[in-house]
Each structure stands twice: as C-alpha cells, then as structure tokens.
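Trainee: The file below is data.csv, CSV, C-alpha atoms and all ligand atoms:
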```
chain,number,residue,atom,x,y,z
A,547,MET,CA,132.1,-82.2,235.3
A,548,ASN,CA,130.8,-82.7,231.8
A,549,ASP,CA,127.3,-84.1,231.2
A,550,LEU,CA,128.6,-85.7,227.9
A,551,LEU,CA,131.3,-88.3,227.6
A,552,LEU,CA,131.2,-87.9,223.8
A,553,ASP,CA,129.9,-85.1,221.8
A,554,VAL,CA,130.2,-85.5,218.0
A,555,ILE,CA,129.0,-82.2,216.5
A,556,ASP,CA,128.1,-81.9,212.8
A,557,VAL,CA,131.1,-83.9,211.8
A,558,GLY,CA,132.0,-84.5,208.2
A,559,LYS,CA,134.8,-86.2,206.3
A,560,THR,CA,135.6,-85.8,202.7
A,561,PHE,CA,138.3,-87.9,201.0
A,562,VAL,CA,139.9,-86.8,197.8
A,563,ARG,CA,141.0,-89.6,195.5
A,564,GLY,CA,143.0,-89.6,192.3
A,565,GLY,CA,145.4,-87.2,190.7
A,566,LEU,CA,145.0,-83.7,189.2
A,567,LEU,CA,143.1,-84.9,186.1
A,568,SER,CA,140.8,-87.4,187.8
A,569,ARG,CA,140.2,-85.8,191.2
A,570,GLU,CA,137.2,-87.3,192.9
A,571,LYS,CA,135.7,-86.2,196.2
A,572,ILE,CA,134.1,-88.8,198.4
A,573,VAL,CA,131.9,-87.6,201.2
A,574,ALA,CA,132.4,-90.5,203.6
A,575,VAL,CA,130.7,-88.8,206.6
A,576,ASN,CA,128.2,-85.9,206.2
A,577,LYS,CA,127.2,-83.7,209.2
A,578,VAL,CA,126.8,-86.4,211.8
A,579,SER,CA,126.0,-85.6,215.4
A,580,VAL,CA,126.1,-88.3,218.1
A,581,GLN,CA,126.2,-87.9,221.9
A,582,LEU,CA,127.0,-90.3,224.8
A,583,SER,CA,126.1,-89.3,228.3
A,584,ALA,CA,128.8,-89.3,230.9
A,585,GLY,CA,126.7,-90.6,233.7
A,586,ARG,CA,124.9,-93.5,232.0
A,587,PRO,CA,127.1,-96.1,230.2
A,588,GLU,CA,125.4,-97.5,227.2
A,589,ILE,CA,125.9,-99.5,224.0
A,590,LEU,CA,125.4,-97.5,220.9
A,591,ALA,CA,125.4,-99.4,217.6
A,592,ILE,CA,126.4,-97.7,214.4
A,593,ILE,CA,124.8,-99.6,211.6
A,594,GLY,CA,124.9,-99.4,207.8
A,595,GLU,CA,125.8,-101.2,204.7
A,596,SER,CA,129.3,-101.3,203.4
A,597,GLY,CA,130.6,-97.8,202.5
A,598,SER,CA,128.1,-95.9,204.6
A,599,GLY,CA,130.8,-94.2,206.6
A,600,LYS,CA,130.7,-96.2,209.8
A,601,THR,CA,134.5,-96.9,210.0
A,602,THR,CA,135.4,-93.4,209.1
A,603,LEU,CA,133.1,-92.1,211.9
A,604,ALA,CA,134.6,-94.6,214.3
A,605,ARG,CA,138.1,-93.6,213.3
A,606,MET,CA,137.3,-89.9,213.9
A,607,ILE,CA,136.0,-90.8,217.4
A,608,LEU,CA,139.3,-92.6,218.0
A,609,ASN,CA,141.2,-89.6,216.8
A,610,MET,CA,142.7,-91.7,214.0
A,611,GLU,CA,141.2,-89.6,211.3
A,612,THR,CA,140.8,-85.8,211.3
A,613,PRO,CA,137.4,-84.4,210.4
A,614,THR,CA,137.0,-82.1,207.4
A,615,SER,CA,134.2,-80.2,209.3
A,616,GLY,CA,132.6,-80.2,212.7
A,617,ARG,CA,134.0,-81.0,216.1
A,618,LEU,CA,134.4,-84.0,218.4
A,619,LEU,CA,134.7,-83.6,222.2
A,620,LEU,CA,135.6,-86.2,224.7
A,621,ASP,CA,134.9,-85.3,228.3
A,622,GLY,CA,134.7,-81.7,227.1
A,623,ILE,CA,138.1,-81.8,225.4
A,624,ASP,CA,138.3,-81.1,221.7
A,625,LEU,CA,140.0,-83.9,219.9
A,626,ALA,CA,141.7,-81.4,217.6
A,627,ALA,CA,143.5,-79.9,220.6
A,628,ILE,CA,145.1,-83.2,221.6
A,629,SER,CA,148.8,-83.1,221.0
A,630,GLY,CA,152.1,-84.6,222.2
A,631,SER,CA,152.6,-88.1,223.6
A,632,ALA,CA,151.2,-87.2,227.0
A,633,GLY,CA,148.0,-85.8,225.5
A,634,ARG,CA,147.6,-88.9,223.3
A,635,LEU,CA,148.2,-91.3,226.2
A,636,ALA,CA,145.6,-89.4,228.3
A,637,PHE,CA,143.2,-89.7,225.4
A,638,MET,CA,143.9,-93.5,225.0
A,639,HIS,CA,143.2,-93.9,228.7
A,640,LYS,CA,139.7,-92.8,228.1
A,641,VAL,CA,139.0,-94.4,224.7
A,642,GLN,CA,140.2,-97.8,223.5
A,643,PRO,CA,139.6,-99.4,220.1
A,644,ILE,CA,138.7,-103.0,219.2
A,645,PHE,CA,139.3,-103.8,215.6
A,646,GLN,CA,137.8,-106.4,213.2
A,647,ASN,CA,140.8,-108.7,212.9
A,648,PRO,CA,142.4,-109.5,216.2
A,649,PHE,CA,145.4,-111.1,214.4
A,650,GLU,CA,146.3,-107.7,212.9
A,651,SER,CA,146.0,-106.0,216.4
A,652,PHE,CA,148.9,-107.9,217.8
A,653,ASN,CA,152.6,-108.2,216.9
A,654,PRO,CA,152.9,-111.8,215.7
A,655,LEU,CA,156.4,-112.1,217.1
A,656,LYS,CA,155.5,-111.1,220.6
A,657,ARG,CA,154.0,-113.5,223.2
A,658,VAL,CA,150.6,-112.4,224.3
A,659,GLU,CA,151.4,-111.9,228.0
A,660,ARG,CA,154.4,-109.7,227.2
A,661,TYR,CA,152.1,-107.5,225.1
A,662,LEU,CA,149.6,-107.3,227.9
A,663,LEU,CA,152.3,-106.5,230.5
A,664,MET,CA,153.7,-103.7,228.3
A,665,THR,CA,150.2,-102.3,227.9
A,666,ARG,CA,149.7,-102.4,231.6
A,667,ARG,CA,153.0,-100.6,232.3
A,668,ARG,CA,152.2,-98.0,229.6
A,669,PHE,CA,149.0,-97.0,231.3
A,670,ALA,CA,149.7,-97.6,234.9
A,671,GLY,CA,153.5,-97.1,235.1
A,672,THR,CA,155.7,-99.9,236.4
A,673,ALA,CA,154.6,-101.0,239.9
A,674,SER,CA,156.1,-104.3,240.6
A,675,GLU,CA,156.2,-107.5,238.5
A,676,ILE,CA,153.7,-109.1,240.9
A,677,THR,CA,151.2,-106.2,240.7
A,678,ASP,CA,151.5,-105.9,236.9
A,679,VAL,CA,151.0,-109.7,236.5
A,680,ALA,CA,148.0,-109.6,238.8
A,681,ALA,CA,146.5,-106.7,236.8
A,682,VAL,CA,146.9,-108.5,233.5
A,683,ASP,CA,145.4,-111.7,235.0
A,684,ALA,CA,142.5,-109.7,236.4
A,685,ALA,CA,141.8,-108.1,233.0
A,686,LEU,CA,141.9,-111.5,231.3
A,687,HIS,CA,139.5,-112.9,233.9
A,688,LYS,CA,137.0,-110.1,233.0
A,689,VAL,CA,136.9,-111.5,229.5
A,690,GLY,CA,136.6,-115.1,230.6
A,691,LEU,CA,140.3,-116.0,230.2
A,692,SER,CA,143.3,-116.3,232.6
A,693,LEU,CA,147.0,-115.6,232.3
A,694,LYS,CA,147.6,-119.3,232.8
A,695,GLU,CA,145.6,-120.0,229.6
A,696,VAL,CA,147.5,-117.5,227.4
A,697,SER,CA,150.9,-117.6,228.9
A,698,GLY,CA,153.7,-118.5,226.6
A,699,ARG,CA,151.5,-118.3,223.5
A,700,TYR,CA,151.9,-116.3,220.4
A,701,PRO,CA,148.8,-114.7,218.8
A,702,HIS,CA,148.6,-117.3,216.1
A,703,GLU,CA,148.5,-120.0,218.8
A,704,LEU,CA,145.1,-118.7,220.0
A,705,SER,CA,141.7,-118.9,218.2
A,706,GLY,CA,140.2,-115.8,216.7
A,707,GLY,CA,137.6,-115.7,219.5
A,708,GLN,CA,140.3,-116.1,222.2
A,709,LEU,CA,142.5,-113.4,220.6
A,710,GLN,CA,139.6,-111.0,220.3
A,711,ARG,CA,139.0,-111.6,224.1
A,712,VAL,CA,142.6,-110.8,224.7
A,713,ALA,CA,142.2,-107.6,222.6
A,714,ILE,CA,139.3,-106.6,224.9
A,715,ALA,CA,141.4,-107.4,228.0
A,716,ARG,CA,144.2,-105.3,226.6
A,717,ALA,CA,141.7,-102.4,226.1
A,718,LEU,CA,140.5,-102.9,229.7
A,719,LEU,CA,144.1,-102.4,231.0
A,720,ALA,CA,143.7,-98.7,230.1
A,721,GLU,CA,140.6,-98.5,232.3
A,722,PRO,CA,138.7,-96.7,229.5
A,723,LYS,CA,135.4,-94.9,229.7
A,724,LEU,CA,134.6,-95.7,226.1
A,725,VAL,CA,135.4,-98.7,223.8
A,726,VAL,CA,135.0,-98.3,220.1
A,727,ALA,CA,134.6,-101.7,218.5
A,728,ASP,CA,134.6,-101.7,214.7
A,729,GLU,CA,133.1,-105.0,213.4
A,730,PRO,CA,134.5,-106.9,216.3
A,731,VAL,CA,132.8,-110.2,215.6
A,732,SER,CA,132.6,-110.3,211.8
A,733,MET,CA,135.8,-112.4,211.6
A,734,ILE,CA,135.0,-114.6,214.6
A,735,ASP,CA,133.5,-118.0,214.2
A,736,ALA,CA,129.7,-117.7,214.3
A,737,SER,CA,129.3,-119.9,217.3
A,738,LEU,CA,131.5,-117.6,219.4
A,739,ARG,CA,130.0,-114.3,218.3
A,740,MET,CA,127.3,-114.0,220.9
A,741,SER,CA,129.8,-114.7,223.7
A,742,ILE,CA,131.9,-111.7,222.5
A,743,VAL,CA,128.9,-109.4,222.1
A,744,ASN,CA,127.5,-110.5,225.4
A,745,LEU,CA,130.8,-109.4,226.9
A,746,PHE,CA,130.1,-105.9,225.8
A,747,ARG,CA,127.0,-105.9,228.0
A,748,THR,CA,129.1,-107.1,230.9
A,749,LEU,CA,131.6,-104.3,230.4
A,750,ARG,CA,128.7,-101.8,230.4
A,751,ASP,CA,126.9,-103.2,233.4
A,752,GLU,CA,129.8,-104.2,235.6
A,753,LEU,CA,132.6,-101.8,234.6
A,754,GLY,CA,130.5,-98.8,233.5
A,755,ILE,CA,132.1,-98.6,230.1
A,756,SER,CA,130.2,-97.2,227.2
A,757,ILE,CA,130.6,-99.1,223.9
A,758,ILE,CA,130.3,-97.9,220.4
A,759,TYR,CA,129.6,-101.0,218.4
A,760,VAL,CA,130.1,-100.5,214.6
A,761,THR,CA,128.5,-103.2,212.6
A,762,HIS,CA,126.4,-104.1,209.5
A,763,ASP,CA,124.8,-106.8,211.5
A,764,LEU,CA,121.5,-105.6,212.7
A,765,ALA,CA,120.7,-108.8,214.6
A,766,THR,CA,123.6,-108.6,217.1
A,767,ALA,CA,123.1,-104.8,217.3
A,768,TYR,CA,119.5,-105.3,218.2
A,769,TYR,CA,120.5,-107.9,220.8
A,770,ILE,CA,123.0,-105.8,222.8
A,771,SER,CA,122.4,-102.2,222.0
A,772,ASP,CA,120.6,-99.5,223.9
A,773,ARG,CA,120.6,-97.0,221.1
A,774,ILE,CA,121.2,-97.3,217.4
A,775,VAL,CA,122.3,-94.9,214.7
A,776,ILE,CA,121.5,-96.0,211.1
A,777,MET,CA,123.9,-94.6,208.5
A,778,GLN,CA,123.4,-94.5,204.8
A,779,LYS,CA,125.8,-92.8,202.3
A,780,GLY,CA,127.6,-91.0,205.1
A,781,SER,CA,124.5,-89.5,206.8
A,782,VAL,CA,122.5,-90.6,209.8
A,783,VAL,CA,119.0,-91.5,208.5
A,784,GLU,CA,117.5,-92.7,211.7
A,785,SER,CA,118.6,-93.0,215.4
A,786,GLY,CA,117.1,-93.6,218.8
A,787,ASP,CA,116.2,-96.3,221.2
A,788,ALA,CA,117.2,-99.6,219.6
A,789,ARG,CA,113.9,-101.4,220.2
A,790,ALA,CA,111.8,-98.4,219.3
A,791,VAL,CA,113.6,-97.8,216.0
A,792,LEU,CA,113.4,-101.5,215.0
A,793,ARG,CA,109.9,-102.0,216.1
A,794,ALA,CA,108.7,-99.0,214.1
A,795,PRO,CA,111.3,-98.0,211.6
A,796,ARG,CA,110.5,-94.6,210.0
A,797,HIS,CA,113.1,-94.5,207.2
A,798,PRO,CA,112.8,-96.9,204.2
A,799,TYR,CA,116.4,-97.9,204.6
A,800,THR,CA,115.9,-99.0,208.2
A,801,HIS,CA,112.9,-101.1,206.9
A,802,GLN,CA,115.1,-102.6,204.3
A,803,LEU,CA,117.8,-103.5,206.8
A,804,ARG,CA,115.3,-105.0,209.2
A,805,GLU,CA,113.9,-107.2,206.4
A,806,ALA,CA,117.5,-108.3,205.6
A,807,VAL,CA,117.9,-109.7,209.1
A,808,LEU,CA,115.5,-112.5,208.3
A,809,LEU,CA,118.0,-113.8,205.7
A,810,PRO,CA,119.4,-117.3,206.4
A,811,GLU,CA,122.9,-116.1,207.2
A,812,VAL,CA,121.5,-114.4,210.3
A,813,ALA,CA,119.0,-117.1,211.1
A,814,ASN,CA,121.7,-119.5,212.3
A,815,VAL,CA,123.2,-117.1,214.9
A,816,PRO,CA,122.1,-118.5,218.3
A,817,ASN,CA,119.7,-116.4,220.3
A,818,VAL,CA,119.7,-113.6,217.8
A,819,THR,CA,116.9,-114.8,215.6
A,820,ALA,CA,114.8,-115.4,218.6
A,821,SER,CA,115.5,-111.9,219.9
A,822,MET,CA,114.8,-110.4,216.5
A,823,ASN,CA,111.5,-112.3,216.2
A,824,ASP,CA,110.4,-111.4,219.6
A,825,LEU,CA,109.9,-107.7,219.6
A,826,SER,CA,107.8,-107.8,222.7
A,827,PRO,CA,108.7,-105.1,225.3
A,828,GLY,CA,110.2,-107.7,227.7
A,829,ALA,CA,112.9,-109.0,225.3
A,830,PRO,CA,115.8,-108.9,225.7
A,831,GLU,CA,116.3,-106.7,228.8
A,832,ARG,CA,118.8,-104.0,228.8
A,833,ARG,CA,120.3,-104.6,232.2
A,834,ALA,CA,120.7,-107.6,234.3
B,1,LIG,N1,141.4,-93.3,203.3
B,1,LIG,C1,140.4,-93.2,202.4
B,1,LIG,N2,140.6,-92.6,201.2
B,1,LIG,C2,139.6,-92.5,200.3
B,1,LIG,N3,138.4,-93.0,200.5
B,1,LIG,C3,138.1,-93.6,201.7
B,1,LIG,C4,139.1,-93.7,202.7
B,1,LIG,N4,138.5,-94.3,203.7
B,1,LIG,C5,137.2,-94.6,203.4
B,1,LIG,N5,136.9,-94.1,202.1
B,1,LIG,C6,135.6,-94.1,201.4
B,1,LIG,O1,134.7,-93.5,202.3
B,1,LIG,C7,133.4,-94.2,202.2
B,1,LIG,C8,133.0,-94.7,203.6
B,1,LIG,O2,134.0,-95.7,204.0
B,1,LIG,P1,133.9,-96.4,205.4
B,1,LIG,O3,135.0,-97.4,205.4
B,1,LIG,O4,133.8,-95.4,206.4
B,1,LIG,O5,132.5,-97.2,205.3
B,1,LIG,P2,131.9,-98.4,206.2
B,1,LIG,O6,130.5,-98.1,206.4
B,1,LIG,O7,132.7,-98.6,207.4
B,1,LIG,O8,132.1,-99.6,205.2
B,1,LIG,P3,132.5,-101.2,205.6
B,1,LIG,O9,131.3,-101.7,206.3
B,1,LIG,O10,132.7,-101.8,204.2
B,1,LIG,O11,133.8,-101.1,206.4
B,1,LIG,C9,133.7,-95.3,201.2
B,1,LIG,O12,133.2,-94.8,199.9
B,1,LIG,C10,135.1,-95.5,201.2
B,1,LIG,O13,135.6,-96.0,199.9
```
Now, as a test, write the supplied structure out as structure tokens.

Mentor:
Amino acid sequence: MNDLLLDVIDVGKTFVRGGLLSREKIVAVNKVSVQLSAGRPEILAIIGESGSGKTTLARMILNMETPTSGRLLLDGIDLAAISGSAGRLAFMHKVQPIFQNPFESFNPLKRVERYLLMTRRRFAGTASEITDVAAVDAALHKVGLSLKEVSGRYPHELSGGQLQRVAIARALLAEPKLVVADEPVSMIDASLRMSIVNLFRTLRDELGISIIYVTHDLATAYYISDRIVIMQKGSVVESGDARAVLRAPRHPYTHQLREAVLLPEVANVPNVTASMNDLSPGAPERRA
C-alpha cells in the first residue's frame, strides 16, 4: 500500500519551438514537486496566470505529455513505465480528465447516452444492458442529472453546464481515484459555475475522489480547495493550505493574485466574493 496517490518529483518540461535557425526553448514547467496522499482525498488547486505552466503540468499528470526531467508516480507506478492498451486502461481507471470545453470532449455525432454506455463498457466490461444502463443513470444522478434528461440528445442539444456535468459523470464511470480538471468552469455560464465547483466537493466527500483543479480563478479555488499551488513562469512560488496561503501570502505574486480577486469580474460570482472577503477561520468549511 502506497502512502501517496500521486507523487510528482522535480518534474520539468521544456518545449522546443521553431526550426534550425530560430530554435527557441520554452521552459513550461521547471522542477515542480507535488504530492497527494492516498488516504485522504483532497482538492488541490493549481493556480497561475496564463502561460505559467498549469496545463502542461496537468497534462503530465494525465500522462498526455512526457516530462523532460523528473518523475511522476501514481499509486507507486511510474507513469513512464505505462505501456500497451491494458496499461493505459488501468491508468485511466485511476485518473480521469475534465477539460475546459465540454463540447470538444464529446463526439458531436454521437448521442450522449451512447457515449456514456460505451465508457461504462470500456471500464467495467459488458454486463447486461440493464446493469449498464443503471450504472450510467447512477453516474448521472451523482452530478445532478438523470438518464431520462439526457436520453436521445446530442451534445449540442445540452447547455455547456449540463454537458460539463455529463463529462464529470463519464469520468465517474471509471471509478477514478483522481480527477484532473483543467479550467473546468471557465467556459460555463457564470451563474452555473459554483454548482459545478461545488460538485467537486461532493466527489471528494462522498466518493473519496481527489481533485486537481487547474484554474486562474483564485476565487473559486479559494472556495473549494484544501491546498493550493501557485505557479509563475513554470515554477511553484508558493504552496500550502489554501486558507493559510491566502490569509498570509508570502510571495509577491500571490499577493498580486489575491488583489486581482477583488476585480469586478470576480465580484459577481455568487458566494465567492463573500467567501473571499470572509477570511475568518470558520468560512467556508472544508467538509460537510
Ligand atoms: N505543445 C507546446 N509547444 C510549445 N510550447 C508550448 C506547448 N504547450 C505549452 N507551451 C508553452 O508552455 C508555456 C506554458 O503553457 P501552459 O499551457 O502550460 O500554461 P497555462 O498556465 O496552462 O496557461 P493557460 O492558463 O493560458 O492555459 C507557455 O509559454 C506555452 O506557450
């Protein structure tokens, strides 16, 4: 039994752009280390401005990008050692992604319930139509939807918020230990954002799933996260308990981000402004 669900050790990623005469090296991620405990599900936010390396780090955790240096271990297994379709499937059982644009995550020509049924069968094998349908319906209920509501509909026939919920339901069908959500609410109508981020808390508390929440939105990160990692120019400049870091930021960049939360674009997100303004120890509580 491993004590760590995820162990990101001194990971770096350098991209090379351009041709022979105009070769440019871009250090997207520079010696980043992050750990998630196996026994204690939590929401870890990775925060930083555009280009700070958040997505590249998330993609390495999802094994979609190979690091240039360092190692990533999931449940003690080195991601670099994963090979073959069985190995990849076993990995995807444990880690599931949620992307920014739910409309890009689904085949527009496939009805949503077909997609979910295929996902269920991929991870659980085919049981019976009744069992598979019940599993899909159960996953949809966990995200506040039902099979009846989405049945017969194509992705474009659902709202962005609904489809992002379906994307989360699809991730749940794998029964993952970790969900990596990269800007999951930035393309969702502002009025629906909190209901989606609140869902992450439910997944943590009721299903024991850890969440890596990648965002440039400090307000929602503050609201739902247990820990935060602040990235700037590929490096981690500050990390720790979300409330402790935001109550007393040590790095000037964290100060700067914190000030930015008071901008009007954040002020109209329900509950978030209140939670940001109320930095008293009781608000908002981590667990129900
Ligand atoms: N495939 C790639 N090839 C070349 N450069 C890349 C590639 N992917 C990312 N980069 C560069 O790496 C740096 C970090 O990008 P990354 O997308 O990880 O940042 P980010 O913090 O997620 O930004 P955003 O919030 O805008 O998504 C940027 O300078 C980006 O241009």

Trainee: Between A:Glu729, A:Glu805, A:Asp683, A:Asp751, which residue has the minimum interatomic distance to A:Pro643, considering only C-alpha atoms?

Mentor: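 Counting only C-alpha atoms, the residue closest to A:Pro643 is A:Glu729.
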
Trainee: Nearest to ligand LIG 1 (chain B) among A:Val743, A:Val575, A:Leu655, A:Ala720, with distances taken over all atoms listed in the file: which residue is it?

Mentor: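 When distances to ligand LIG 1 (chain B) are compared using all atoms listed in the file, the smallest one comes from A:Val575.
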
Trainee: Just checking: using only C-alpha atoms, which residue out of A:Asp735, A:Asp763, A:Asp553, A:Glu650 ends up closest to A:Ile607?

Mentor: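 The shortest atom-to-atom distance to A:Ile607 comes from A:Asp553.
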
Trainee: Smallest atom-to-atom distance to ligand LIG 1 (chain B): which of A:Ile592, A:Leu662, A:Leu635, A:Leu566, using only C-alpha atoms and all ligand atoms?

Mentor: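 The closest residue to ligand LIG 1 (chain B) is A:Ile592.
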
Trainee: Which residues form the shell of 10 Å around ligand LIG 1 (chain B) when you count only C-alpha atoms and all ligand atoms, given as a PyMOL selection string?

Mentor: chain A and resi 559-564+570-575+592-606+611+646+728-729+760-763+777-780

Trainee: Ranking A:Ala627, A:Val712, A:Leu608, A:Ala636 by minimum distance to A:Phe649 and counting only C-alpha atoms, which one comes first?

Mentor: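 Smallest separation from A:Phe649 among the options: A:Val712.
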
Trainee: Could you give me, as an mmCIF file with C-alpha atoms, keeping the file's coordinate frame, the residues that have an atom at most 10 Å away from the point (139.2, -97.2, 231.9) in the coordinates of the file, using all atoms listed in the file?

Mentor:
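Final output, saved to part03.cif:
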```
data_model
loop_
_atom_site.group_PDB
_atom_site.id
_atom_site.type_symbol
_atom_site.label_atom_id
_atom_site.label_comp_id
_atom_site.auth_asym_id
_atom_site.auth_seq_id
_atom_site.Cartn_x
_atom_site.Cartn_y
_atom_site.Cartn_z
ATOM 1 C CA MET A 638 143.900 -93.500 225.000
ATOM 2 C CA HIS A 639 143.200 -93.900 228.700
ATOM 3 C CA LYS A 640 139.700 -92.800 228.100
ATOM 4 C CA VAL A 641 139.000 -94.400 224.700
ATOM 5 C CA GLN A 642 140.200 -97.800 223.500
ATOM 6 C CA PHE A 669 149.000 -97.000 231.300
ATOM 7 C CA ALA A 717 141.700 -102.400 226.100
ATOM 8 C CA LEU A 718 140.500 -102.900 229.700
ATOM 9 C CA LEU A 719 144.100 -102.400 231.000
ATOM 10 C CA ALA A 720 143.700 -98.700 230.100
ATOM 11 C CA GLU A 721 140.600 -98.500 232.300
ATOM 12 C CA PRO A 722 138.700 -96.700 229.500
ATOM 13 C CA LYS A 723 135.400 -94.900 229.700
ATOM 14 C CA LEU A 724 134.600 -95.700 226.100
ATOM 15 C CA VAL A 725 135.400 -98.700 223.800
ATOM 16 C CA LEU A 753 132.600 -101.800 234.600
ATOM 17 C CA GLY A 754 130.500 -98.800 233.500
ATOM 18 C CA ILE A 755 132.100 -98.600 230.100
#
```

Trainee: Set the distance at 9 Å and use only C-alpha atoms: which residues neighbour A:Ile628 once local chain neighbours fewer than 4 positions away are removed? I'd like the list as a list in words.

Mentor: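 Everything that qualifies: Asn609, Ile623, Asp624, Gly633, Arg634 and Phe637 of chain A.
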
Trainee: For stretch 578-583 of chain A, work out the shell of residues within 8 Å, counting only C-alpha atoms and skipping chain neighbours fewer than 6 positions away, then give it as a list in words.

Mentor: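 Final neighbour list, sorted by chain and number: Asp549, Leu550, Leu551, Leu552, Asp553, Val554, Ile555, Asp556, Val557, Gly558, Ser756, Ser781 and Val782 of chain A.
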
Trainee: Given the selection you just returned, output its residues as a file containing C-alpha atoms, formatted as an mmCIF file, keeping the file's coordinate frame.

Mentor:
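Printed below is result-v1.cif as written:
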```
data_model
loop_
_atom_site.group_PDB
_atom_site.id
_atom_site.type_symbol
_atom_site.label_atom_id
_atom_site.label_comp_id
_atom_site.auth_asym_id
_atom_site.auth_seq_id
_atom_site.Cartn_x
_atom_site.Cartn_y
_atom_site.Cartn_z
ATOM 1 C CA ASP A 549 127.300 -84.100 231.200
ATOM 2 C CA LEU A 550 128.600 -85.700 227.900
ATOM 3 C CA LEU A 551 131.300 -88.300 227.600
ATOM 4 C CA LEU A 552 131.200 -87.900 223.800
ATOM 5 C CA ASP A 553 129.900 -85.100 221.800
ATOM 6 C CA VAL A 554 130.200 -85.500 218.000
ATOM 7 C CA ILE A 555 129.000 -82.200 216.500
ATOM 8 C CA ASP A 556 128.100 -81.900 212.800
ATOM 9 C CA VAL A 557 131.100 -83.900 211.800
ATOM 10 C CA GLY A 558 132.000 -84.500 208.200
ATOM 11 C CA SER A 756 130.200 -97.200 227.200
ATOM 12 C CA SER A 781 124.500 -89.500 206.800
ATOM 13 C CA VAL A 782 122.500 -90.600 209.800
#
```

Trainee: Taking only C-alpha atoms into account, name the residue in A:Ser692, A:Ser697, A:Gln708, A:Ser732 that is nearest to A:Tyr661.

Mentor: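 Closest to A:Tyr661, using only C-alpha atoms: A:Ser697.
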
Trainee: In Å, rounded to a single decimal, give me how far atom CA of A:Ile644 is from atom CA of A:Tyr799.

Mentor: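 Atom CA of A:Ile644 lies at a distance of 27.1 Å from atom CA of A:Tyr799.
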
Trainee: For atom CA of A:Leu792 and atom CA of A:Leu618, determine how far apart the two atoms are, in Å to one decimal place.

Mentor: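 Interatomic distance here is 27.5 Å.
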
Trainee: Name the residues in contact with A:Leu738 at a cut-off of 12 Å, using all atoms listed in the file, excluding same-chain residues fewer than 3 positions from it; report them as a list in words.

Mentor: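 The filter keeps Ser705, Gly706, Gly707, Gln708, Leu709, Gln710, Arg711, Pro730, Val731, Ser732, Met733, Ile734, Asp735, Ser741, Ile742, Val743, Asn744, Leu745, Val815, Pro816 and Asn817 of chain A.
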
Trainee: By how many Å are atom CA of A:Leu567 and atom CA of A:Pro613 apart?

Mentor: 25.0 Å

Trainee: Around the point (120.9, -103.4, 221.7) (coordinates from the file), which residues reach within 8 Å if we count all atoms listed in the file? Answer as a PyMOL selection string.

Mentor: chain A and resi 589-591+766-774+788-789+832

Trainee: Can you spit out the residues from that selection as a PDB file, in the coordinates of the input, using C-alpha atoms?

Mentor:
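Saved result, result-v2.pdb, follows:
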```pdb
ATOM      1  CA  ILE A 589     125.900 -99.500 224.000  1.00  0.00           C
ATOM      2  CA  LEU A 590     125.400 -97.500 220.900  1.00  0.00           C
ATOM      3  CA  ALA A 591     125.400 -99.400 217.600  1.00  0.00           C
ATOM      4  CA  THR A 766     123.600-108.600 217.100  1.00  0.00           C
ATOM      5  CA  ALA A 767     123.100-104.800 217.300  1.00  0.00           C
ATOM      6  CA  TYR A 768     119.500-105.300 218.200  1.00  0.00           C
ATOM      7  CA  TYR A 769     120.500-107.900 220.800  1.00  0.00           C
ATOM      8  CA  ILE A 770     123.000-105.800 222.800  1.00  0.00           C
ATOM      9  CA  SER A 771     122.400-102.200 222.000  1.00  0.00           C
ATOM     10  CA  ASP A 772     120.600 -99.500 223.900  1.00  0.00           C
ATOM     11  CA  ARG A 773     120.600 -97.000 221.100  1.00  0.00           C
ATOM     12  CA  ILE A 774     121.200 -97.300 217.400  1.00  0.00           C
ATOM     13  CA  ALA A 788     117.200 -99.600 219.600  1.00  0.00           C
ATOM     14  CA  ARG A 789     113.900-101.400 220.200  1.00  0.00           C
ATOM     15  CA  ARG A 832     118.800-104.000 228.800  1.00  0.00           C
TER      16      ARG A 832
END
```
